[in-house]
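Peer 1: Quick one: the structure is below, questions incoming.
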Amino acid sequence: MKILAVSDIELDIVYSPNIARRFADVDVVISCGDLPYYYLEYIISSLDVPLYYVRGNHSCPLEYSATGVRTSPWGGIDLHLRCRRDESGLLLAGIEGCLRYNNARYQYTQAEMWFFVWRLVPVLLWNRLRYGRFLDVFVTHAPPWKIHDQDDLPHRGLKAFHWLVRVFQPYYHLHGHVHVIHPRTITATVVNRSRVINTYGCRLLSVDLPHLAPTPVRLRRRGC
(Lines give C-alpha, C1' and ligand atoms only; values in the text may rest on other atoms or scores of the structure.)
Protein backbone atom coordinates (compact mmCIF):
# COMPACT_ATOMS: atom_id res chain seq x y z
CA MET A 1 0.00 0.00 0.00
CA LYS A 2 1.06 3.62 -0.50
CA ILE A 3 1.18 6.19 2.31
CA LEU A 4 1.62 9.91 1.76
CA ALA A 5 3.00 11.48 4.96
CA VAL A 6 3.08 15.28 5.33
CA SER A 7 4.07 17.80 8.01
CA ASP A 8 5.26 21.30 8.87
CA ILE A 9 5.35 23.07 5.48
CA GLU A 10 3.03 23.41 2.52
CA LEU A 11 4.49 22.19 -0.76
CA ASP A 12 3.46 23.26 -4.24
CA ILE A 13 3.63 19.70 -5.52
CA VAL A 14 0.94 18.75 -2.99
CA TYR A 15 -1.18 21.92 -3.04
CA SER A 16 -1.50 21.69 -6.79
CA PRO A 17 -4.10 20.86 -9.45
CA ASN A 18 -1.87 17.91 -10.34
CA ILE A 19 -2.10 16.26 -6.92
CA ALA A 20 -4.66 13.66 -8.01
CA ARG A 21 -2.47 12.58 -10.92
CA ARG A 22 0.81 12.66 -9.03
CA PHE A 23 -0.50 10.70 -6.04
CA ALA A 24 -3.14 8.62 -7.77
CA ASP A 25 -1.97 5.38 -6.15
CA VAL A 26 -1.91 6.68 -2.55
CA ASP A 27 -4.11 4.68 -0.17
CA VAL A 28 -3.73 6.65 3.07
CA VAL A 29 -2.55 10.16 4.01
CA ILE A 30 -0.95 10.88 7.40
CA SER A 31 -0.27 14.38 8.74
CA CYS A 32 2.29 14.78 11.52
CA GLY A 33 1.24 18.29 12.43
CA ASP A 34 1.73 22.02 11.88
CA LEU A 35 -0.29 22.14 8.67
CA PRO A 36 -3.39 24.33 8.17
CA TYR A 37 -6.78 22.69 7.92
CA TYR A 38 -7.43 24.03 4.42
CA TYR A 39 -4.26 22.29 3.19
CA LEU A 40 -5.31 18.96 4.67
CA GLU A 41 -8.85 19.39 3.34
CA TYR A 42 -7.48 20.01 -0.13
CA ILE A 43 -5.59 16.71 0.08
CA ILE A 44 -8.68 14.87 1.30
CA SER A 45 -10.97 16.27 -1.40
CA SER A 46 -8.40 15.75 -4.16
CA LEU A 47 -7.30 12.20 -3.35
CA ASP A 48 -10.52 10.92 -1.74
CA VAL A 49 -8.65 8.65 0.69
CA PRO A 50 -8.60 8.54 4.51
CA LEU A 51 -6.45 11.22 6.18
CA TYR A 52 -5.22 10.72 9.75
CA TYR A 53 -3.56 13.54 11.66
CA VAL A 54 -2.11 14.84 14.90
CA ARG A 55 -1.67 18.50 15.76
CA GLY A 56 1.71 20.19 16.08
CA ASN A 57 2.75 22.89 18.51
CA HIS A 58 2.05 25.58 15.89
CA SER A 59 -1.40 24.25 15.00
CA CYS A 60 -4.24 26.75 15.38
CA PRO A 61 -7.19 25.71 17.56
CA LEU A 62 -9.50 27.68 15.24
CA GLU A 63 -9.31 28.31 11.52
CA TYR A 64 -11.49 30.83 9.73
CA SER A 65 -12.61 30.65 6.12
CA ALA A 66 -15.43 31.72 3.85
CA THR A 67 -17.27 28.53 4.78
CA GLY A 68 -17.13 29.20 8.51
CA VAL A 69 -15.07 28.48 11.61
CA ARG A 70 -13.77 25.02 12.37
CA THR A 71 -11.58 23.32 14.92
CA SER A 72 -10.41 20.42 12.76
CA PRO A 73 -9.98 19.58 9.08
CA TRP A 74 -13.27 18.39 7.62
CA GLY A 75 -12.99 14.70 6.81
CA GLY A 76 -9.75 14.19 8.77
CA ILE A 77 -9.43 11.65 11.60
CA ASP A 78 -7.69 12.86 14.77
CA LEU A 79 -5.32 10.20 16.15
CA HIS A 80 -4.37 11.94 19.40
CA LEU A 81 -4.63 9.33 22.19
CA ARG A 82 -6.51 7.05 19.83
CA CYS A 83 -5.81 3.82 18.00
CA ARG A 84 -7.66 3.29 14.75
CA ARG A 85 -7.84 0.37 12.37
CA ASP A 86 -8.04 1.61 8.80
CA GLU A 87 -10.33 -0.18 6.37
CA SER A 88 -7.18 -1.60 4.78
CA GLY A 89 -6.28 -3.22 8.11
CA LEU A 90 -3.57 -0.70 9.00
CA LEU A 91 -3.28 -0.09 12.77
CA LEU A 92 -2.52 3.55 13.64
CA ALA A 93 -2.12 5.47 16.90
CA GLY A 94 -0.94 8.99 17.61
CA ILE A 95 0.05 11.69 20.09
CA GLU A 96 0.01 15.41 19.33
CA GLY A 97 2.33 18.25 20.30
CA CYS A 98 5.90 18.65 21.45
CA LEU A 99 7.91 19.22 24.60
CA ARG A 100 6.72 22.21 26.61
CA TYR A 101 8.88 25.31 26.22
CA ASN A 102 6.61 28.35 26.59
CA ASN A 103 3.29 26.99 27.95
CA ALA A 104 1.45 27.45 24.66
CA ARG A 105 -1.19 25.05 23.35
CA TYR A 106 -0.19 21.51 22.30
CA GLN A 107 2.94 21.48 24.44
CA TYR A 108 3.54 18.94 27.19
CA THR A 109 6.16 17.89 29.71
CA GLN A 110 8.07 14.63 29.49
CA ALA A 111 5.87 13.33 32.34
CA GLU A 112 2.66 14.24 30.48
CA MET A 113 3.91 12.49 27.37
CA TRP A 114 4.63 9.38 29.47
CA PHE A 115 1.03 9.55 30.69
CA PHE A 116 -0.23 9.76 27.10
CA VAL A 117 1.82 6.74 26.08
CA TRP A 118 0.59 4.71 29.02
CA ARG A 119 -2.99 5.52 28.02
CA LEU A 120 -2.31 3.79 24.69
CA VAL A 121 -0.78 0.65 26.20
CA PRO A 122 -4.05 -1.25 26.95
CA VAL A 123 -5.33 -0.89 23.39
CA LEU A 124 -1.93 -1.89 21.97
CA LEU A 125 -2.04 -5.06 24.07
CA TRP A 126 -5.55 -5.70 22.81
CA ASN A 127 -4.32 -5.26 19.23
CA ARG A 128 -1.73 -7.93 19.87
CA LEU A 129 -4.38 -10.37 21.08
CA ARG A 130 -6.84 -9.60 18.30
CA TYR A 131 -4.63 -8.89 15.28
CA GLY A 132 -1.33 -10.54 16.19
CA ARG A 133 0.63 -7.26 16.37
CA PHE A 134 0.66 -4.17 18.55
CA LEU A 135 0.78 -1.35 16.00
CA ASP A 136 1.68 -0.62 12.40
CA VAL A 137 2.16 3.16 12.40
CA PHE A 138 2.83 5.43 15.39
CA VAL A 139 2.13 9.06 14.45
CA THR A 140 3.49 12.00 16.46
CA HIS A 141 4.52 15.57 15.87
CA ALA A 142 7.69 15.50 17.96
CA PRO A 143 10.51 12.99 17.42
CA PRO A 144 11.57 10.33 19.92
CA TRP A 145 14.42 10.95 22.36
CA LYS A 146 17.85 11.10 20.67
CA ILE A 147 16.46 10.21 17.22
CA HIS A 148 16.24 13.10 14.73
CA ASP A 149 15.83 15.56 17.63
CA GLN A 150 17.92 18.60 18.54
CA ASP A 151 19.50 19.96 21.70
CA ASP A 152 17.27 23.03 22.11
CA LEU A 153 14.25 22.53 24.37
CA PRO A 154 11.50 23.02 21.73
CA HIS A 155 12.98 20.32 19.48
CA ARG A 156 14.15 17.87 22.11
CA GLY A 157 12.78 14.35 21.64
CA LEU A 158 10.35 12.50 23.88
CA LYS A 159 11.59 9.67 26.06
CA ALA A 160 8.20 7.99 26.16
CA PHE A 161 8.10 7.80 22.35
CA HIS A 162 11.49 6.11 22.28
CA TRP A 163 10.27 3.58 24.83
CA LEU A 164 7.09 2.83 22.88
CA VAL A 165 9.01 2.24 19.68
CA ARG A 166 11.49 -0.11 21.37
CA VAL A 167 8.84 -2.09 23.27
CA PHE A 168 5.95 -2.28 20.78
CA GLN A 169 7.99 -2.05 17.58
CA PRO A 170 5.54 -0.48 15.14
CA TYR A 171 6.47 -0.82 11.48
CA TYR A 172 6.84 2.96 11.32
CA HIS A 173 7.10 5.89 13.68
CA LEU A 174 6.27 8.98 11.61
CA HIS A 175 6.98 12.42 13.05
CA GLY A 176 7.59 16.01 11.97
CA HIS A 177 8.56 19.11 14.00
CA VAL A 178 12.29 19.09 13.14
CA HIS A 179 12.78 21.06 9.93
CA VAL A 180 15.12 19.55 7.38
CA ILE A 181 17.35 22.29 6.00
CA HIS A 182 20.62 20.53 5.19
CA PRO A 183 20.37 17.81 2.50
CA ARG A 184 22.54 15.46 4.57
CA THR A 185 20.21 15.56 7.56
CA ILE A 186 19.28 12.06 8.69
CA THR A 187 15.54 11.57 8.28
CA ALA A 188 15.18 7.77 8.48
CA THR A 189 16.51 5.60 11.31
CA VAL A 190 15.95 1.92 12.05
CA VAL A 191 15.26 0.96 15.68
CA ASN A 192 14.96 -2.80 16.08
CA ARG A 193 12.22 -3.65 13.56
CA SER A 194 10.85 -0.11 13.39
CA ARG A 195 11.70 2.67 10.98
CA VAL A 196 11.55 6.19 12.42
CA ILE A 197 10.94 8.77 9.68
CA ASN A 198 10.92 12.56 9.73
CA THR A 199 8.09 13.51 7.37
CA TYR A 200 9.04 17.20 7.00
CA GLY A 201 7.43 18.42 3.77
CA CYS A 202 6.21 15.06 2.53
CA ARG A 203 7.29 11.45 2.22
CA LEU A 204 5.81 8.84 -0.09
CA LEU A 205 6.07 5.34 1.39
CA SER A 206 5.40 1.99 -0.20
CA VAL A 207 4.59 -0.54 2.48
CA ASP A 208 4.22 -4.29 2.26
CA LEU A 209 1.81 -5.51 4.95
CA PRO A 210 1.15 -7.60 7.03
CA HIS A 211 4.80 -8.62 7.52
CA LEU A 212 6.19 -7.86 10.98
CA ALA A 213 9.08 -5.84 9.55
CA PRO A 214 8.55 -2.91 7.15
CA THR A 215 9.62 -3.45 3.56
CA PRO A 216 9.61 0.01 1.99
CA VAL A 217 10.01 -0.08 -1.76
CA ARG A 218 10.31 3.67 -2.14
CA LEU A 219 11.17 6.45 0.28
CA ARG A 220 11.40 9.90 -1.23
CA ARG A 221 12.74 13.03 0.38
CA ARG A 222 11.16 16.46 0.67
CA GLY A 223 10.17 16.64 -2.99
CA CYS A 224 8.30 13.30 -2.76
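Chain lettering (A, B, ...) mirrors the order of the C-alpha coordinates, residue numbering begins at 1 for each chain separately, and ligand numbering begins at 1 in order of display.
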Considering only C-alpha atoms, return as a list in words whatever protein or nucleic-acid residues lie within 9 Å of range 184-190 of chain A, sequence-local ones (same chain, fewer than 4 positions apart) excluded.
Peer 2: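 After dropping sequence-adjacent residues, the list is Ile147, His148, Val180, Ser194, Arg195, Val196, Ile197, Asn198, Thr199, Tyr200 and Arg221 of chain A.
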Peer 1: For the contact check between range 126-166 of chain A and range 73-96 of chain A, emit one row per residue of range 126-166 of chain A within 12 Å, containing the shortest atom pair and the distance in Å rounded to one decimal, counting only C-alpha atoms, chain then rising number order, as CSV.
Peer 2:
```
residue,atom,partner,partner_atom,distance
A:Trp126,CA,A:Cys83,CA,10.7
A:Asn127,CA,A:Leu91,CA,8.3
A:Arg128,CA,A:Leu91,CA,10.7
A:Arg130,CA,A:Leu91,CA,11.6
A:Tyr131,CA,A:Leu91,CA,9.3
A:Gly132,CA,A:Leu91,CA,11.2
A:Arg133,CA,A:Leu91,CA,8.9
A:Phe134,CA,A:Leu91,CA,8.1
A:Leu135,CA,A:Leu91,CA,5.3
A:Asp136,CA,A:Leu91,CA,5.0
A:Val137,CA,A:Leu92,CA,4.9
A:Phe138,CA,A:Ala93,CA,5.2
A:Val139,CA,A:Gly94,CA,4.4
A:Thr140,CA,A:Ile95,CA,5.0
A:His141,CA,A:Glu96,CA,5.7
A:Ala142,CA,A:Glu96,CA,7.8
A:Pro143,CA,A:Ile95,CA,10.9
A:Pro144,CA,A:Ile95,CA,11.6
A:Leu158,CA,A:Ile95,CA,11.0
A:Ala160,CA,A:Ile95,CA,10.8
A:Phe161,CA,A:Ile95,CA,9.2
A:Leu164,CA,A:Ala93,CA,11.3
A:Val165,CA,A:Ala93,CA,11.9
```
Peer 1: Would you work out the distance separating CA of Arg22 in chain A from CA of Val6 in chain A, expressed in Å to one decimal?
Peer 2: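 Computing the Euclidean distance for CA of Arg22 in chain A and CA of Val6 in chain A yields 14.8 Å.
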Peer 1: Taking only chain A into account, list the residues labelled helix (DSSP H, G or I) by DSSP (computed from the backbone), as number ranges by chain.
Peer 2: A: 19-22, 37-47, 110-131, 153-155, 159-168
Peer 1: Write out as a list in words which residues come within 12 Å of Gly157 in chain A when counting only C-alpha atoms, dropping same-chain ones fewer than 5 positions away.
Peer 2: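 In the requested form, the answer reads Gly97, Cys98, Leu99, Arg100, Tyr108, Thr109, Gln110, Met113, Thr140, His141, Ala142, Pro143, Pro144, Trp145, Lys146, Ile147, His148, Asp149, Gln150, Asp151, Asp152, His162, Trp163, His175, Gly176, His177 and Val178 of chain A.
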Peer 1: Produce a file of the selected residues containing N, CA and C atoms, as a short mmCIF file (atom, residue, chain, number, x, y, z; two decimals), in the first residue's frame.
Peer 2:
```
data_model
loop_
_atom_site.label_atom_id
_atom_site.label_comp_id
_atom_site.auth_asym_id
_atom_site.auth_seq_id
_atom_site.Cartn_x
_atom_site.Cartn_y
_atom_site.Cartn_z
N GLY A 97 1.52 17.29 19.57
CA GLY A 97 2.33 18.25 20.30
C GLY A 97 3.80 17.92 20.44
N CYS A 98 4.46 18.78 21.22
CA CYS A 98 5.90 18.65 21.45
C CYS A 98 6.21 18.92 22.91
N LEU A 99 7.48 18.94 23.25
CA LEU A 99 7.91 19.22 24.60
C LEU A 99 7.60 20.67 24.97
N ARG A 100 7.11 20.88 26.18
CA ARG A 100 6.72 22.21 26.61
C ARG A 100 7.93 23.14 26.73
N TYR A 108 3.69 19.79 26.02
CA TYR A 108 3.54 18.94 27.19
C TYR A 108 4.92 18.64 27.79
N THR A 109 4.92 18.28 29.05
CA THR A 109 6.16 17.89 29.71
C THR A 109 6.49 16.44 29.37
N GLN A 110 7.71 16.03 29.68
CA GLN A 110 8.07 14.63 29.49
C GLN A 110 7.11 13.73 30.28
N MET A 113 3.79 13.37 28.53
CA MET A 113 3.91 12.49 27.37
C MET A 113 3.97 11.02 27.81
N THR A 140 3.30 10.92 15.49
CA THR A 140 3.49 12.00 16.46
C THR A 140 3.96 13.24 15.73
N HIS A 141 3.92 14.36 16.43
CA HIS A 141 4.52 15.57 15.87
C HIS A 141 6.00 15.61 16.22
N ALA A 142 6.31 15.43 17.49
CA ALA A 142 7.69 15.50 17.96
C ALA A 142 8.41 14.17 17.73
N PRO A 143 9.73 14.21 17.62
CA PRO A 143 10.51 12.99 17.42
C PRO A 143 10.74 12.26 18.75
N PRO A 144 11.19 11.03 18.69
CA PRO A 144 11.57 10.33 19.92
C PRO A 144 12.91 10.83 20.45
N TRP A 145 13.19 10.53 21.68
CA TRP A 145 14.42 10.95 22.36
C TRP A 145 15.66 10.46 21.62
N LYS A 146 16.55 11.39 21.29
CA LYS A 146 17.85 11.10 20.67
C LYS A 146 17.75 10.51 19.27
N ILE A 147 16.61 10.64 18.61
CA ILE A 147 16.46 10.21 17.22
C ILE A 147 15.87 11.38 16.44
N HIS A 148 16.64 11.97 15.57
CA HIS A 148 16.24 13.10 14.73
C HIS A 148 15.94 14.37 15.53
N ASP A 149 16.14 14.37 16.85
CA ASP A 149 15.83 15.56 17.63
C ASP A 149 17.02 16.50 17.70
N GLN A 150 16.86 17.62 18.40
CA GLN A 150 17.92 18.60 18.54
C GLN A 150 18.11 18.95 20.01
N ASP A 151 19.16 19.68 20.31
CA ASP A 151 19.50 19.96 21.70
C ASP A 151 18.65 21.05 22.34
N ASP A 152 18.08 21.96 21.53
CA ASP A 152 17.27 23.03 22.11
C ASP A 152 15.96 22.45 22.64
N HIS A 162 10.39 7.05 22.51
CA HIS A 162 11.49 6.11 22.28
C HIS A 162 11.18 4.77 22.93
N TRP A 163 10.63 4.81 24.13
CA TRP A 163 10.27 3.58 24.83
C TRP A 163 9.20 2.81 24.08
N HIS A 175 7.03 11.18 12.28
CA HIS A 175 6.98 12.42 13.05
C HIS A 175 7.35 13.59 12.15
N GLY A 176 7.17 14.80 12.67
CA GLY A 176 7.59 16.01 11.97
C GLY A 176 8.41 16.87 12.92
N HIS A 177 8.06 18.15 13.00
CA HIS A 177 8.56 19.11 14.00
C HIS A 177 9.99 19.60 13.73
N VAL A 178 10.90 18.71 13.39
CA VAL A 178 12.29 19.09 13.14
C VAL A 178 12.45 19.40 11.65
#
```
Peer 1: Compare A:Ser206, A:Asn103, A:Ser31, A:Ser46 by their minimum atom-to-atom distance to Tyr15 in chain A, counting only C-alpha atoms, and give me the closest one.
Peer 2: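 That would be A:Ser46, the residue with the smallest distance to Tyr15 in chain A.
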Peer 1: If you measure from CA of Asp25 in chain A to CA of Met1 in chain A, what distance in Å do you get, rounded to one decimal?
Peer 2: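 Distance between the two atoms: 8.4 Å.
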Peer 1: Listing only residues of range 5-32 of chain A within 7 Å of range 47-53 of chain A, what is the closest atom pair and its distance in Å (to one decimal) for each, using only C-alpha atoms, sorted by chain and residue number ascending, as a Markdown table?
Peer 2:
```
| residue | atom | partner | partner_atom | distance |
| --- | --- | --- | --- | --- |
| A:Ala20 | CA | A:Leu47 | CA | 5.6 |
| A:Asp27 | CA | A:Val49 | CA | 6.1 |
| A:Val28 | CA | A:Pro50 | CA | 5.4 |
| A:Val29 | CA | A:Leu51 | CA | 4.6 |
| A:Ile30 | CA | A:Tyr52 | CA | 4.9 |
| A:Ser31 | CA | A:Tyr53 | CA | 4.5 |
| A:Cys32 | CA | A:Tyr53 | CA | 6.0 |
```
